[in-house]
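The file my_file-v6.cif contains mmCIF, C-alpha atoms:
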data_target
loop_
_atom_site.label_atom_id
_atom_site.label_comp_id
_atom_site.auth_asym_id
_atom_site.auth_seq_id
_atom_site.Cartn_x
_atom_site.Cartn_y
_atom_site.Cartn_z
CA MET A 1 0.00 0.00 0.00
CA ASN A 2 1.20 3.46 -0.86
CA PHE A 3 2.25 5.87 1.83
CA PHE A 4 0.06 8.60 0.42
CA ASP A 5 -2.35 7.58 -2.34
CA TRP A 6 -2.26 10.55 -4.71
CA GLU A 7 -4.92 9.11 -6.99
CA PHE A 8 -7.36 8.75 -4.11
CA ALA A 9 -6.48 12.27 -2.94
CA TRP A 10 -7.23 13.64 -6.42
CA GLU A 11 -10.51 11.73 -6.52
CA ILE A 12 -11.83 13.16 -3.24
CA LEU A 13 -10.55 16.70 -3.80
CA PRO A 14 -13.78 18.03 -5.40
CA ARG A 15 -15.89 16.79 -2.47
CA LEU A 16 -13.53 18.41 0.04
CA LEU A 17 -13.44 21.68 -1.88
CA ASP A 18 -17.21 21.67 -2.02
CA ALA A 19 -17.37 21.36 1.78
CA SER A 20 -14.62 23.95 2.21
CA LEU A 21 -17.00 26.54 0.75
CA LYS A 22 -19.24 25.92 3.75
CA THR A 23 -16.30 26.34 6.13
CA ILE A 24 -15.39 29.65 4.50
CA GLY A 25 -19.02 30.75 4.39
CA ILE A 26 -19.48 30.03 8.10
CA THR A 27 -16.33 32.02 8.89
CA ILE A 28 -17.41 35.04 6.85
CA ALA A 29 -20.97 35.04 8.16
CA GLY A 30 -19.90 34.38 11.76
CA PHE A 31 -17.19 36.98 11.73
CA SER A 32 -19.41 39.65 10.17
CA ILE A 33 -21.87 39.18 13.04
CA ALA A 34 -19.05 39.05 15.62
CA ILE A 35 -17.45 42.36 14.65
CA VAL A 36 -20.76 44.21 14.88
CA LEU A 37 -22.00 42.49 18.04
CA GLY A 38 -18.60 42.88 19.67
CA LEU A 39 -18.76 46.64 19.23
CA PHE A 40 -22.06 46.80 21.10
CA LEU A 41 -20.70 44.57 23.86
CA ALA A 42 -17.57 46.72 24.19
CA VAL A 43 -19.47 50.00 24.36
CA GLY A 44 -21.89 48.42 26.83
CA ARG A 45 -19.04 47.22 29.00
CA ARG A 46 -17.48 50.69 29.05
CA SER A 47 -20.78 52.35 29.92
CA ARG A 48 -20.96 54.58 32.98
CA HIS A 49 -24.20 52.92 34.00
CA ARG A 50 -23.55 49.93 36.22
CA TRP A 51 -26.83 48.26 35.35
CA LEU A 52 -25.38 47.94 31.84
CA SER A 53 -21.64 47.56 32.37
CA TRP A 54 -21.80 44.83 35.04
CA PRO A 55 -24.00 42.35 33.18
CA MET A 56 -21.94 42.98 30.04
CA THR A 57 -18.68 42.31 31.87
CA GLY A 58 -20.13 39.15 33.37
CA LEU A 59 -21.46 37.90 30.06
CA ILE A 60 -18.18 38.55 28.22
CA GLU A 61 -16.08 36.86 30.89
CA PHE A 62 -18.45 33.89 31.13
CA ILE A 63 -18.55 33.23 27.39
CA ARG A 64 -14.80 33.71 27.07
CA SER A 65 -13.97 31.16 29.74
CA THR A 66 -16.35 28.39 28.65
CA PRO A 67 -15.91 26.08 25.65
CA LEU A 68 -17.42 26.92 22.28
CA LEU A 69 -18.56 23.29 21.92
CA ILE A 70 -20.84 23.46 24.98
CA GLN A 71 -22.17 26.87 23.91
CA VAL A 72 -23.08 25.46 20.52
CA TYR A 73 -24.71 22.43 22.19
CA PHE A 74 -26.65 24.87 24.35
CA LEU A 75 -28.01 26.76 21.35
CA PHE A 76 -28.77 23.64 19.37
CA PHE A 77 -30.30 21.44 22.06
CA VAL A 78 -31.73 23.81 24.68
CA LEU A 79 -33.32 26.58 22.62
CA PRO A 80 -35.77 24.31 20.73
CA ASN A 81 -37.39 23.51 24.11
CA TYR A 82 -38.34 27.17 24.33
CA GLY A 83 -39.70 27.51 20.81
CA PHE A 84 -36.56 28.69 19.02
CA ASN A 85 -35.97 26.12 16.36
CA LEU A 86 -32.59 26.64 14.75
CA THR A 87 -31.05 24.51 12.05
CA ALA A 88 -27.62 23.11 12.83
CA LEU A 89 -26.03 25.65 10.52
CA GLN A 90 -27.88 28.59 12.11
CA ALA A 91 -27.06 27.44 15.64
CA GLY A 92 -23.45 26.95 14.61
CA ILE A 93 -23.05 30.38 13.05
CA ILE A 94 -24.81 32.14 15.94
CA GLY A 95 -22.77 30.18 18.48
CA ILE A 96 -19.40 30.87 16.90
CA ALA A 97 -20.35 34.52 16.28
CA LEU A 98 -21.42 35.04 19.89
CA HIS A 99 -18.26 33.36 21.17
CA TYR A 100 -15.98 35.52 19.07
CA ALA A 101 -18.03 38.69 19.67
CA CYS A 102 -16.80 38.47 23.25
CA TYR A 103 -13.21 38.35 22.02
CA THR A 104 -13.67 41.20 19.55
CA ALA A 105 -15.35 43.20 22.32
CA GLU A 106 -12.11 43.00 24.28
CA VAL A 107 -10.15 44.06 21.19
CA TYR A 108 -12.37 47.11 20.80
CA ARG A 109 -12.06 47.87 24.49
CA ALA A 110 -8.26 47.77 24.35
CA GLY A 111 -8.31 49.94 21.23
CA LEU A 112 -10.66 52.47 22.81
CA ASP A 113 -8.58 52.57 25.98
CA ALA A 114 -5.51 53.33 23.87
CA VAL A 115 -7.06 56.57 22.62
CA PRO A 116 -5.50 59.37 24.73
CA ARG A 117 -7.66 60.82 27.48
CA ALA A 118 -7.28 64.32 26.07
CA GLN A 119 -9.32 63.24 23.05
CA TRP A 120 -12.21 62.28 25.30
CA GLU A 121 -11.90 65.57 27.12
CA ALA A 122 -11.85 67.47 23.82
CA VAL A 123 -15.01 65.70 22.75
CA THR A 124 -16.67 66.73 26.00
CA ALA A 125 -15.41 70.29 25.59
CA LEU A 126 -16.93 70.44 22.10
CA ASN A 127 -20.19 69.18 23.57
CA MET A 128 -20.43 66.39 21.02
CA LYS A 129 -23.14 63.79 21.37
CA PRO A 130 -21.73 60.35 22.35
CA LEU A 131 -22.64 58.81 18.99
CA ASN A 132 -20.94 61.58 17.05
CA ALA A 133 -17.92 61.50 19.34
CA TYR A 134 -17.45 57.79 18.75
CA ARG A 135 -17.99 58.05 15.02
CA LYS A 136 -15.94 61.13 14.22
CA VAL A 137 -13.16 61.22 16.81
CA ILE A 138 -12.66 58.07 18.85
CA LEU A 139 -13.20 55.16 16.46
CA PRO A 140 -10.95 56.44 13.64
CA GLN A 141 -8.06 56.61 16.10
CA ALA A 142 -8.84 53.34 17.83
CA LEU A 143 -8.83 51.49 14.52
CA ARG A 144 -5.05 51.18 14.18
CA PRO A 145 -4.44 48.62 16.91
CA ILE A 146 -7.87 47.06 16.37
CA LEU A 147 -7.66 45.91 12.74
CA PRO A 148 -4.71 43.48 13.00
CA ALA A 149 -6.09 42.01 16.22
CA LEU A 150 -9.45 41.43 14.54
CA GLY A 151 -7.66 39.69 11.69
CA ASN A 152 -6.00 37.31 14.11
CA TYR A 153 -9.34 36.42 15.68
CA MET A 154 -10.77 35.76 12.24
CA ILE A 155 -8.01 33.19 11.73
CA SER A 156 -8.84 31.64 15.10
CA MET A 157 -12.50 31.49 14.15
CA LEU A 158 -11.68 29.74 10.89
CA LYS A 159 -9.78 27.09 12.81
CA ASP A 160 -12.67 26.67 15.25
CA THR A 161 -15.28 25.94 12.59
CA PRO A 162 -14.65 22.15 12.71
CA VAL A 163 -16.23 22.23 16.19
CA LEU A 164 -19.58 22.67 14.42
CA SER A 165 -19.27 19.15 13.02
CA ALA A 166 -20.38 18.05 16.52
CA ILE A 167 -23.89 19.36 15.79
CA THR A 168 -24.00 17.73 12.34
CA VAL A 169 -22.89 20.71 10.25
CA VAL A 170 -21.13 19.14 7.26
CA GLU A 171 -18.16 21.44 6.92
CA ILE A 172 -14.81 20.30 5.58
CA MET A 173 -13.77 18.25 8.65
CA GLN A 174 -17.04 16.34 8.79
CA ARG A 175 -16.87 15.72 5.05
CA ALA A 176 -13.35 14.32 5.44
CA LYS A 177 -14.52 12.02 8.22
CA ASN A 178 -17.42 10.81 6.09
CA ILE A 179 -15.09 10.12 3.19
CA GLY A 180 -12.73 8.33 5.56
CA SER A 181 -15.40 6.02 6.88
CA GLU A 182 -16.75 5.28 3.36
CA HIS A 183 -13.35 4.21 2.02
CA PHE A 184 -11.78 3.20 5.32
CA ARG A 185 -8.83 5.47 4.52
CA TYR A 186 -8.34 8.43 6.80
CA LEU A 187 -4.78 9.46 5.93
CA GLU A 188 -5.55 11.39 2.75
CA PRO A 189 -8.77 13.20 3.66
CA ILE A 190 -7.71 14.31 7.14
CA THR A 191 -4.22 15.32 6.02
CA MET A 192 -5.75 17.33 3.20
CA VAL A 193 -8.06 19.12 5.63
CA GLY A 194 -5.04 19.92 7.80
CA LEU A 195 -3.27 21.36 4.75
CA PHE A 196 -6.38 23.36 3.85
CA PHE A 197 -6.39 25.06 7.25
CA LEU A 198 -2.63 25.48 7.23
CA ILE A 199 -2.54 27.18 3.83
CA LEU A 200 -5.51 29.40 4.55
CA SER A 201 -4.36 30.49 8.00
CA LEU A 202 -0.76 31.10 6.90
CA GLY A 203 -2.04 33.15 3.97
CA LEU A 204 -4.36 35.18 6.18
CA ALA A 205 -1.61 35.65 8.76
CA TRP A 206 0.67 37.05 6.05
CA PHE A 207 -2.09 39.42 5.04
CA VAL A 208 -2.61 40.56 8.64
CA ARG A 209 1.12 41.19 9.06
CA ARG A 210 1.13 43.37 5.97
CA LEU A 211 -1.85 45.28 7.30
CA GLU A 212 0.00 45.77 10.58
CA ASN A 213 3.08 47.11 8.81
CA ARG A 214 1.04 49.47 6.74
CA MET A 215 -0.69 50.79 9.86
CA GLU A 216 2.71 51.41 11.44
CA LEU A 217 3.79 53.42 8.41
CA ALA A 218 0.63 55.50 8.43
CA ARG A 219 1.40 56.66 11.95
CA MET B 1 -30.48 16.96 39.60
CA ASN B 2 -29.05 14.83 42.39
CA GLU B 3 -28.43 11.94 40.04
CA LEU B 4 -26.80 14.21 37.49
CA LEU B 5 -24.14 15.73 39.65
CA PRO B 6 -21.99 12.66 40.42
CA LEU B 7 -21.76 11.72 36.73
CA MET B 8 -20.97 15.28 35.72
CA LEU B 9 -18.28 15.44 38.40
CA GLN B 10 -16.78 12.22 37.06
CA GLY B 11 -16.56 13.88 33.66
CA ALA B 12 -15.08 17.02 35.20
CA TRP B 13 -12.39 14.88 36.83
CA VAL B 14 -11.37 13.52 33.42
CA THR B 15 -11.32 17.11 32.12
CA VAL B 16 -9.07 18.16 35.01
CA GLN B 17 -6.68 15.25 34.38
CA ILE B 18 -6.38 16.02 30.67
CA THR B 19 -5.87 19.71 31.41
CA PHE B 20 -3.16 18.88 33.96
CA PHE B 21 -1.14 16.44 31.87
CA GLY B 22 -1.78 18.43 28.71
CA SER B 23 -0.41 21.59 30.28
CA LEU B 24 2.70 19.76 31.54
CA LEU B 25 3.41 18.57 28.00
CA ALA B 26 2.56 22.03 26.64
CA ILE B 27 5.10 23.70 28.94
CA VAL B 28 7.84 21.28 27.90
CA ALA B 29 6.95 21.62 24.21
CA ALA B 30 6.82 25.42 24.49
CA LEU B 31 10.22 25.53 26.14
CA ILE B 32 11.83 23.27 23.54
CA GLY B 33 10.02 25.09 20.72
CA ALA B 34 11.09 28.53 21.91
CA LEU B 35 14.72 27.52 22.50
CA GLY B 36 14.83 25.81 19.11
CA ARG B 37 13.32 28.88 17.45
CA LEU B 38 16.02 31.08 19.01
CA SER B 39 18.84 28.60 18.46
CA PRO B 40 21.86 29.71 16.42
CA ILE B 41 21.84 26.32 14.65
CA LYS B 42 19.84 26.64 11.44
CA PRO B 43 18.31 23.12 11.12
CA LEU B 44 17.10 23.30 14.74
CA ARG B 45 15.52 26.66 14.03
CA TRP B 46 13.74 25.33 10.93
CA LEU B 47 12.49 22.30 12.82
CA ALA B 48 11.06 24.55 15.52
CA ILE B 49 9.43 26.83 12.93
CA VAL B 50 7.80 23.85 11.21
CA TYR B 51 6.50 22.51 14.53
CA ILE B 52 5.13 25.89 15.60
CA GLU B 53 3.52 26.79 12.28
CA VAL B 54 2.00 23.37 11.61
CA PHE B 55 0.42 23.06 15.04
CA ARG B 56 -0.77 26.66 15.15
CA GLY B 57 -1.93 26.70 11.57
CA SER B 58 -4.00 23.54 11.24
CA SER B 59 -7.05 23.25 13.41
CA LEU B 60 -6.86 21.46 16.79
CA LEU B 61 -9.77 19.15 16.01
CA VAL B 62 -8.08 18.15 12.76
CA GLN B 63 -4.94 17.33 14.75
CA LEU B 64 -6.88 15.24 17.26
CA PHE B 65 -8.63 13.34 14.47
CA TRP B 66 -5.32 12.83 12.70
CA LEU B 67 -3.76 11.32 15.81
CA TYR B 68 -6.85 9.25 16.56
CA PHE B 69 -7.92 8.02 13.11
CA VAL B 70 -4.85 8.20 10.88
CA LEU B 71 -2.01 7.06 13.14
CA PRO B 72 -3.43 3.57 13.87
CA MET B 73 -3.78 2.84 10.13
CA PRO B 74 -1.27 1.02 7.87
CA PRO B 75 1.65 3.31 7.11
CA PHE B 76 2.08 4.26 10.77
CA ASN B 77 0.39 1.56 12.87
CA VAL B 78 0.69 3.60 16.05
CA SER B 79 -2.32 2.95 18.22
CA MET B 80 -2.86 5.16 21.24
CA SER B 81 -5.65 5.30 23.79
CA ALA B 82 -8.04 8.22 23.43
CA PHE B 83 -6.64 9.66 26.66
CA ASN B 84 -3.07 9.67 25.34
CA VAL B 85 -4.21 11.19 22.05
CA ALA B 86 -5.99 13.92 23.99
CA VAL B 87 -2.99 14.76 26.15
CA ILE B 88 -0.51 14.64 23.26
CA GLY B 89 -2.76 16.54 20.82
CA LEU B 90 -3.71 19.28 23.26
CA GLY B 91 -0.22 19.51 24.73
CA LEU B 92 1.50 19.90 21.37
CA ASN B 93 -1.16 22.30 20.10
CA ILE B 94 -1.06 24.68 23.06
CA GLY B 95 2.71 24.15 23.28
CA SER B 96 3.12 25.68 19.81
CA TYR B 97 1.28 28.81 20.92
CA GLY B 98 3.28 28.77 24.15
CA ALA B 99 6.55 28.62 22.21
CA GLU B 100 5.73 31.93 20.55
CA VAL B 101 4.75 33.48 23.89
CA LEU B 102 7.96 32.25 25.48
CA ARG B 103 10.06 33.42 22.56
CA GLY B 104 8.64 36.92 23.00
CA ALA B 105 9.29 36.74 26.74
CA ILE B 106 12.90 35.60 26.28
CA ARG B 107 13.55 38.36 23.79
CA SER B 108 12.02 40.93 26.13
CA VAL B 109 14.75 40.27 28.72
CA HIS B 110 16.92 43.37 28.76
CA GLU B 111 20.16 43.34 26.79
CA GLY B 112 22.08 44.50 29.85
CA GLN B 113 21.33 41.14 31.45
CA TYR B 114 23.17 39.36 28.64
CA GLU B 115 26.08 41.74 28.96
CA ALA B 116 26.21 41.20 32.71
CA CYS B 117 26.39 37.43 32.15
CA GLN B 118 29.26 37.90 29.77
CA ALA B 119 31.02 40.14 32.30
CA LEU B 120 30.59 37.37 34.90
CA ASN B 121 32.04 34.87 32.43
CA MET B 122 28.96 32.61 32.54
CA THR B 123 28.53 29.81 30.01
CA ALA B 124 25.51 29.96 27.69
CA GLY B 125 23.81 27.25 29.75
CA GLN B 126 24.35 29.06 33.04
CA ARG B 127 23.13 32.30 31.53
CA LEU B 128 19.94 30.68 30.32
CA ARG B 129 19.24 28.77 33.52
CA ARG B 130 20.13 31.36 36.12
CA VAL B 131 19.44 34.69 34.49
CA ILE B 132 17.35 34.62 31.34
CA LEU B 133 14.73 31.92 31.96
CA PRO B 134 13.75 33.03 35.48
CA GLN B 135 12.91 36.47 34.13
CA ALA B 136 11.34 35.25 30.90
CA LEU B 137 9.12 32.68 32.63
CA LEU B 138 7.78 35.33 34.98
CA ALA B 139 6.97 37.61 32.07
CA ALA B 140 5.26 34.71 30.29
CA ILE B 141 2.83 33.98 33.13
CA PRO B 142 -0.03 36.35 32.16
CA PRO B 143 -0.21 35.26 28.49
CA GLY B 144 0.48 31.71 29.65
CA THR B 145 -2.58 31.86 31.90
CA ASN B 146 -4.73 32.70 28.89
CA LEU B 147 -3.27 29.72 27.06
CA LEU B 148 -4.01 27.40 29.99
CA ILE B 149 -7.64 28.54 29.98
CA GLU B 150 -7.65 27.99 26.23
CA LEU B 151 -6.35 24.47 26.89
CA LEU B 152 -9.09 23.84 29.45
CA LYS B 153 -11.76 24.99 27.00
CA ASN B 154 -10.27 22.92 24.21
CA THR B 155 -10.38 19.74 26.31
CA SER B 156 -14.10 19.68 25.47
CA LEU B 157 -13.13 18.60 21.95
CA VAL B 158 -11.79 15.28 23.23
CA SER B 159 -15.41 14.21 23.76
CA LEU B 160 -15.50 13.93 19.96
CA ILE B 161 -12.85 11.20 20.06
CA THR B 162 -14.95 9.21 22.53
CA LEU B 163 -13.27 10.27 25.76
CA SER B 164 -15.81 10.64 28.58
CA ASP B 165 -14.91 14.10 29.80
CA LEU B 166 -17.34 16.76 31.04
CA ALA B 167 -18.60 17.63 27.56
CA PHE B 168 -19.13 13.95 26.74
CA ARG B 169 -21.03 13.32 29.99
CA ALA B 170 -23.22 16.34 29.35
CA ARG B 171 -24.12 15.10 25.88
CA GLN B 172 -24.71 11.56 27.13
CA LEU B 173 -26.88 12.63 30.07
CA ASP B 174 -28.82 14.94 27.78
CA GLN B 175 -29.74 12.04 25.54
CA ALA B 176 -30.71 9.89 28.52
CA THR B 177 -32.70 12.38 30.60
CA LEU B 178 -33.69 15.23 28.27
CA MET B 179 -33.04 17.72 31.10
CA THR B 180 -31.26 19.81 28.49
CA LEU B 181 -31.20 23.20 30.16
CA GLU B 182 -30.00 21.92 33.53
CA ILE B 183 -27.28 19.71 32.07
CA PHE B 184 -25.70 22.14 29.62
CA GLY B 185 -26.15 25.04 32.06
CA LEU B 186 -24.35 23.02 34.74
CA ALA B 187 -21.58 22.04 32.32
CA LEU B 188 -20.99 25.68 31.40
CA VAL B 189 -20.85 26.69 35.07
CA MET B 190 -18.39 23.87 35.84
CA TYR B 191 -16.05 24.93 33.03
CA PHE B 192 -16.33 28.52 34.23
CA VAL B 193 -15.40 27.55 37.79
CA LEU B 194 -12.41 25.52 36.56
CA ALA B 195 -11.24 28.48 34.48
CA GLN B 196 -11.48 30.77 37.50
CA ILE B 197 -9.44 28.30 39.57
CA ILE B 198 -6.68 28.39 36.93
CA ASN B 199 -6.88 32.18 36.82
CA PHE B 200 -6.66 32.54 40.58
CA SER B 201 -3.83 30.07 41.09
CA MET B 202 -1.73 31.55 38.30
CA ARG B 203 -2.17 35.02 39.76
CA THR B 204 -1.07 33.74 43.16
CA LEU B 205 1.93 32.05 41.56
CA GLU B 206 2.88 35.24 39.73
CA ARG B 207 2.67 37.31 42.91
CA ARG B 208 4.80 34.82 44.80
CA LEU B 209 7.46 34.59 42.10
CA ALA B 210 7.55 38.34 41.61
CA ARG B 211 8.44 38.89 45.25
CA GLY B 212 12.14 38.08 44.79
CA ARG B 213 12.22 40.33 41.76
CA MET B 214 11.12 43.33 43.79
CA ARG B 215 13.82 42.61 46.34
CA GLY B 216 16.36 42.61 43.54
CA GLY B 217 15.48 46.23 42.93
CA MET B 218 13.97 45.63 39.49
CA SER B 219 10.46 46.67 38.67
#
Kindly present the structure from the file in structure tokens form.
Amino acid sequence: MNFFDWEFAWEILPRLLDASLKTIGITIAGFSIAIVLGLFLAVGRRSRHRWLSWPMTGLIEFIRSTPLLIQVYFLFFVLPNYGFNLTALQAGIIGIALHYACYTAEVYRAGLDAVPRAQWEAVTALNMKPLNAYRKVILPQALRPILPALGNYMISMLKDTPVLSAITVVEIMQRAKNIGSEHFRYLEPITMVGLFFLILSLGLAWFVRRLENRMELAR
Amino acid sequence: MNELLPLMLQGAWVTVQITFFGSLLAIVAALIGALGRLSPIKPLRWLAIVYIEVFRGSSLLVQLFWLYFVLPMPPFNVSMSAFNVAVIGLGLNIGSYGAEVLRGAIRSVHEGQYEACQALNMTAGQRLRRVILPQALLAAIPPGTNLLIELLKNTSLVSLITLSDLAFRARQLDQATLMTLEIFGLALVMYFVLAQIINFSMRTLERRLARGRMRGGMS
């Protein structure tokens, strides 16, 4: 028997690529939700009102220190008992988005904290409304440290998508496992999935590094 | 509820064991990885880079499946128990992240410290053991704590290679009793408590180790 059966690898490639579209789709959809939701969480956590900032802090810390797998189980198995019927894919995307929103919230918070105090004072002096202040003064400055950090979390999210196979989402990992059990050969499909993640995450990491360098230059 | 708790605690005990042995392996792997990455010998450096990039770049679940499904098959014929796969997979995965953290910490040690070692005529080994590592390890504790919590959360994935940890027990009990909300809620709380224990003990450790540093007159 060959060490690595190239013919078999070539044969299963289309099926893996087909499933990889789902993996990429989940990442894009999940991350789009996470960057928006994270902003709300971050602003909520920084609020002066304790009735808002405390629950937000608690929620963020709780979600960050518990496993994504159990959170996804929670959405997929518990919510239907209360009338929210989600498909596996919906539960998976919402779960992974919520999980990473709590990480992006911390990225935003760090970025906002890095904006010098004088800027906040200037905004107050100009009597700007909070929304305007955020949009016109604070966010543009906070963006520099935020963008590369967000990119890194997007890579992490991509690598976490195989967790969704546990609730029957057929993304690339689950497809590879199915192929493996059909042909009783796991070496090729699982190695190929590993390479898929490796190539994609190294490529994205290179892109993030370039972004980081460019942000340094713009300073 | 009373029947649930003992079984859940049994699962939590497995989770704790995997986290413990996994983190031991991760620390060793991180140390070797970081030293290899900083080594003046080129092949060692390349080896370390390959280890770090492969384990960071391909997804953890893919790595666990590779060790569990591919290794026992023909070209390799290495059969390991699910527990060993879990410890080795998680340890090497988090170790690769740890290597980068440790590399940063080693490089953050002030240049004057190296010069002082040279002035004292220390060998490279003495310098590393007595001067550089004690300072680098202390600096690596806060990011290391985050990695340990990451490791704890990631142990939940071993339930997908049939190990009966906390996540596995939760899923199993859910199918048997249908007390979905209680079971997954309890599992989340248990993971949260474990994460807080790690957090608290690492902070205590850091405070204790930093004491000597203060006495040395360094901030």
* Would you translate the PyMOL selection byres ((chain A) within 10 of (chain B)) into the concrete set of residues it matches in this file, as a ChimeraX atom specification? => /A:1-4,61-71,73-75,77-79,81,155-163,165-166,173-174,176-177,180-181,184-203,205
* Please write the residues picked by the PyMOL selection byres ((chain B and resi 17-31) around 8) on this file as a list in words. =>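 Evaluating the PyMOL selection byres ((chain B and resi 17-31) around 8) on this file yields Trp13, Val14, Thr15, Val16, Ile32, Gly33, Ala34, Leu35, Phe83, Ala86, Val87, Ile88, Leu90, Gly91, Leu92, Asn93, Ile94, Gly95, Ser96, Tyr97, Gly98, Ala99, Glu100, Leu102, Leu148, Leu151, Leu152 and Thr155 of chain B.
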* **Atomic separation - atom CA of Ile197 of chain B relative to atom CA of Arg107 of chain B, Å** => 29.6 Å
* Output check: residues returned by the PyMOL selection byres ((chain A and resi 95-110) around 6), as a list in words ->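 This file gives the following for the PyMOL selection byres ((chain A and resi 95-110) around 6): Gly30, Ile33, Ala34, Leu37, Gly38, Leu39, Leu41, Ala42, Ile60, Val72, Ala91, Gly92, Ile93, Ile94, Gly111, Leu112 and Asp113 of chain A.
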* Asked: What separation in Å, quoted to one decimal, exists between atom CA of Arg135 of chain A and atom CA of Leu59 of chain A?
  ->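 According to the coordinates, atom CA of Arg135 of chain A and atom CA of Leu59 of chain A are separated by 25.4 Å.
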* **Computed interatomic separation between atom CA of Ala48 of chain B and atom CA of Tyr114 of chain B (Å)** =>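 Straight-line distance from atom CA of Ala48 of chain B to atom CA of Tyr114 of chain B works out to 23.2 Å.
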* Minimum-distance residue to Ile26 of chain A, chosen among A:Pro140, A:Val208, A:Leu150, A:Gln90 (using all atoms listed in the file) ->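 Closest to Ile26 of chain A of all the choices is A:Gln90.
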* Contacts of Met215 of chain A within 12 Å, only C-alpha atoms, excl. fewer than 5 positions in-chain, as a list in words ->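 The contact residues come out as Gln141, Ala142, Leu143, Arg144, Pro145, Ile146, Leu147, Pro148, Val208, Arg209 and Arg210 of chain A.
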Would you mind putting N, CA and C atoms back on segment 147-162 of chain B and writing the result as a PDB file, in the coordinates of the input?
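Done, and the output landed in out.pdb:
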ATOM      1  N   LEU B 147      -3.427  30.964  27.824  1.00  0.00           N
ATOM      2  CA  LEU B 147      -3.270  29.720  27.060  1.00  0.00           C
ATOM      3  C   LEU B 147      -3.771  28.522  27.849  1.00  0.00           C
ATOM      4  N   LEU B 148      -3.531  28.520  29.169  1.00  0.00           N
ATOM      5  CA  LEU B 148      -4.010  27.400  29.990  1.00  0.00           C
ATOM      6  C   LEU B 148      -5.536  27.342  29.974  1.00  0.00           C
ATOM      7  N   ILE B 149      -6.175  28.526  30.021  1.00  0.00           N
ATOM      8  CA  ILE B 149      -7.640  28.540  29.980  1.00  0.00           C
ATOM      9  C   ILE B 149      -8.118  28.077  28.601  1.00  0.00           C
ATOM     10  N   GLU B 150      -7.362  28.472  27.579  1.00  0.00           N
ATOM     11  CA  GLU B 150      -7.650  27.990  26.230  1.00  0.00           C
ATOM     12  C   GLU B 150      -7.563  26.466  26.187  1.00  0.00           C
ATOM     13  N   LEU B 151      -6.535  25.929  26.825  1.00  0.00           N
ATOM     14  CA  LEU B 151      -6.350  24.470  26.890  1.00  0.00           C
ATOM     15  C   LEU B 151      -7.536  23.814  27.572  1.00  0.00           C
ATOM     16  N   LEU B 152      -7.945  24.383  28.710  1.00  0.00           N
ATOM     17  CA  LEU B 152      -9.090  23.840  29.450  1.00  0.00           C
ATOM     18  C   LEU B 152     -10.325  23.803  28.554  1.00  0.00           C
ATOM     19  N   LYS B 153     -10.581  24.923  27.859  1.00  0.00           N
ATOM     20  CA  LYS B 153     -11.760  24.990  27.000  1.00  0.00           C
ATOM     21  C   LYS B 153     -11.660  23.976  25.871  1.00  0.00           C
ATOM     22  N   ASN B 154     -10.455  23.830  25.339  1.00  0.00           N
ATOM     23  CA  ASN B 154     -10.270  22.920  24.210  1.00  0.00           C
ATOM     24  C   ASN B 154     -10.383  21.456  24.614  1.00  0.00           C
ATOM     25  N   THR B 155     -10.232  21.145  25.913  1.00  0.00           N
ATOM     26  CA  THR B 155     -10.380  19.740  26.310  1.00  0.00           C
ATOM     27  C   THR B 155     -11.757  19.225  25.930  1.00  0.00           C
ATOM     28  N   SER B 156     -12.744  20.138  25.817  1.00  0.00           N
ATOM     29  CA  SER B 156     -14.100  19.680  25.470  1.00  0.00           C
ATOM     30  C   SER B 156     -14.110  18.943  24.131  1.00  0.00           C
ATOM     31  N   LEU B 157     -13.143  19.247  23.260  1.00  0.00           N
ATOM     32  CA  LEU B 157     -13.130  18.600  21.950  1.00  0.00           C
ATOM     33  C   LEU B 157     -12.785  17.112  22.038  1.00  0.00           C
ATOM     34  N   VAL B 158     -12.149  16.693  23.143  1.00  0.00           N
ATOM     35  CA  VAL B 158     -11.790  15.280  23.230  1.00  0.00           C
ATOM     36  C   VAL B 158     -13.023  14.398  23.354  1.00  0.00           C
ATOM     37  N   SER B 159     -14.172  15.010  23.713  1.00  0.00           N
ATOM     38  CA  SER B 159     -15.410  14.210  23.760  1.00  0.00           C
ATOM     39  C   SER B 159     -15.729  13.688  22.356  1.00  0.00           C
ATOM     40  N   LEU B 160     -15.220  14.360  21.327  1.00  0.00           N
ATOM     41  CA  LEU B 160     -15.500  13.930  19.960  1.00  0.00           C
ATOM     42  C   LEU B 160     -14.615  12.773  19.523  1.00  0.00           C
ATOM     43  N   ILE B 161     -13.587  12.445  20.317  1.00  0.00           N
ATOM     44  CA  ILE B 161     -12.850  11.200  20.060  1.00  0.00           C
ATOM     45  C   ILE B 161     -13.119  10.229  21.194  1.00  0.00           C
ATOM     46  N   THR B 162     -14.373  10.232  21.642  1.00  0.00           N
ATOM     47  CA  THR B 162     -14.950   9.210  22.530  1.00  0.00           C
ATOM     48  C   THR B 162     -14.436   9.213  23.968  1.00  0.00           C
TER      49      THR B 162
END
